[in-house]
Amino acid sequence: MNDNIKRCLKNVVSLDGWIGEFADEGKANVHVDVVFRDALFGDKPDHTVTFKLTLKRAEVFLLVGDDDPIKVVRSTIRRTVSDATISQKQESTVEQSGKARAGGKVSKLGVPGHASTEGEINASKKTTNSSKQAIREYVVQHFVDGANPAWDVSRHDGKPMGGAPWDANHEPRLKVKRKPPAGSNEQLAIKLELRCRRQDLVISEIAFIDPKKKSLFNTGKFQTQKLVAAEQVIKDELSDSGLLTNGDLSKDAVTLLIADTIIFEED
Amino acid sequence: MANFQDIIEKLLLSDTGDLNELARIAGKDPKTFYIDADFKRCDLTGQNLDQMDTRYADFSRAKLSEMEQALWEIRKRIHTHKLDKNWEEYVVSNRALAAILNVFAARAKGPDQILFIQETVSAYRAALTVYTKDQNADNWANIQNNFAASLAALSKYAPNELASTLLEEAVIALRAALTVHTKSQQREEWADLQNNLGNVFADMAERTPGEAGSKLHGQSLIAYRAALTVNTKSENLEQWAKTISNLAILEIQRAEHDGRQDPRPYYETALAYVDDALTVVDPVIMAPQYAKASGLREQLLKALSADD
């Protein structure tokens, strides 16, 4: 059973990547490809219940050791808060009228943020502002874990994650360069890890496979309370499946290692 | 060890919605089982989450009254501040918790009310483990006063021996506060503390027979009279009326202490206090004080006519 639940946990994300060509002053881009997915449990003959597992927040770590033949070019680390953005043109009309002297701050309607003007409004005029507003699907925040670069990923609306938080091809996470002596033929490799706190596991759609039991539950009382308890049992099972990086639930948030992989320099 | 699917089956087909019971069905400790539970869509009405560690749990949109929600949020914050050793916030949160619990206690009845008051006492006690007279004198004195009030409230539900212990602790707290809020520097606070001290001595006296009880009545009288040196009729009518009412009640207690043979002088003194209050208390502007004094007057007239 442990293998089944482990597989479910592994299915919740696809983690891949590659080290690009060392071209620009001996530097190479590191591309990380993360895709969040719905992991479904309940497709095996011995399964009696089904559920869906998703993540609402995760951390991607890029592990480069001191002894590795490459080092991170820190100025190239992608640090932007919002990576995956959709540009949208927003039209807004601002009307200013009258000759009254305004003593306080007068906010311009329709302009996002804290735009304001103080002072005299002399003439009636009409302006049209065009602005590009970023609608953030994902919030990606860089942080440092020891010396290792890492990114905290979540959806802007706090909902479970699905799809890619960034474009792996066009948005490399950072550049690395070889440590001297340059020109070594040693194959370069970087370890990637994706971790998640236990409270960021989202268990949903718990149901019996057996139609009679399913009907019994659906027509029974206290459904929300029972489902909360069942979710906790599943979280316990996931935590017990040997993927813990920090396992003392009574003291600190439990962190689960969801996926790890080693990426290499492209041929 | 049971297969987790079997446990889920047991849970989903059980007859209970009690979260503690469900944790036990799952073979888990209810105290930690829900630590990071997602209560977003859960109906928590009537659930007893008192002993549960819900540090990482999500209560957003759970069906819970706003006050209950606030209570749980504050409890969570206290826990976090303690873990983080953020003592300033720990005190602030404990005081906020006590304030909300006081509201709950006033609305609740029976065992629930006692539980709320007990937790209030604990919250103030926790705050006092951080604040010291040397470093946070004013706040420390305020908490001592509130702590005393919650101890006195709890004593009303306690058996005699425990009640005496709680009230003695309340006296210690009030006397501690009086070392900061002195008459020369904070007259109003000092007078409030004296009034509260009078109340606690009166509560103690009510539970103490014989000479010891009489002595406590005397201590209560001294404290109330001290309060009146600041809360005068001309300077602070409202507080004056409050203390005068307390004095009247104290005289009634004295009249009835140990089955006294001649209660009349005490009833008469009480009536004089009440009449004094009724001459100056406005029945509209100070309606609660007026109603209280009127009620006492009626009670006293009845007692005096029965004594004739």
# chains A, B, ... in the order shown; residues from 1 in each chain; ligands from 1
call {"tool": "interface_residues", "arguments": {"of": "chain A", "to": "chain B", "cutoff": "8 Å", "atoms": "only C-alpha atoms", "output": "PyMOL selection string"}}
result
chain A and resi 1+47-49+198-199+208+213+216-217+220-234+237+250+253
call {"tool": "residues_around", "arguments": {"residues": "Leu194 (chain A)", "least_positions_apart": "3", "cutoff": "12 Å", "atoms": "only C-alpha atoms", "output": "ChimeraX atom specification"}}
result
/A:9-10,12-16,32-36,55,57-63,150-153,191,197,243-245,255-262
call {"tool": "atom_distance", "arguments": {"atom1": "CA of Glu169 (chain B)", "atom2": "CA of Ala148 (chain B)"}}
result
7.3 Å
call {"tool": "closest_residue", "arguments": {"among": "B:Arg254, B:Lys109, B:Lys31, B:His81", "to": "Pro209 (chain B)", "atoms": "only C-alpha atoms"}}
result
B:Arg254
call {"tool": "residues_around", "arguments": {"residues": "Ala39 (chain A)", "least_positions_apart": "5", "cutoff": "8 Å", "atoms": "only C-alpha atoms", "output": "count of residues only"}}
result
7
call {"tool": "residues_around", "arguments": {"residues": "region 283-300 of chain B", "least_positions_apart": "2", "cutoff": "9 Å", "atoms": "only C-alpha atoms", "output": "ChimeraX atom specification"}}
result
/B:238,241-242,245,248-249,252,267-268,270-271,274-275,277-278,281,302-305
call {"tool": "atom_distance", "arguments": {"atom1": "CA of Arg207 (chain B)", "atom2": "CA of Asn246 (chain B)"}}
result
17.0 Å
call {"tool": "atom_distance", "arguments": {"atom1": "CA of Ser241 (chain A)", "atom2": "CA of Phe41 (chain A)"}}
result
14.6 Å
call {"tool": "residues_around", "arguments": {"residues": "Ile172 (chain B)", "least_positions_apart": "3", "cutoff": "12 Å", "atoms": "only C-alpha atoms", "output": "PyMOL selection string"}}
result
chain B and resi 141+144-145+147-149+151-152+165-169+175-179+193+197+200-201
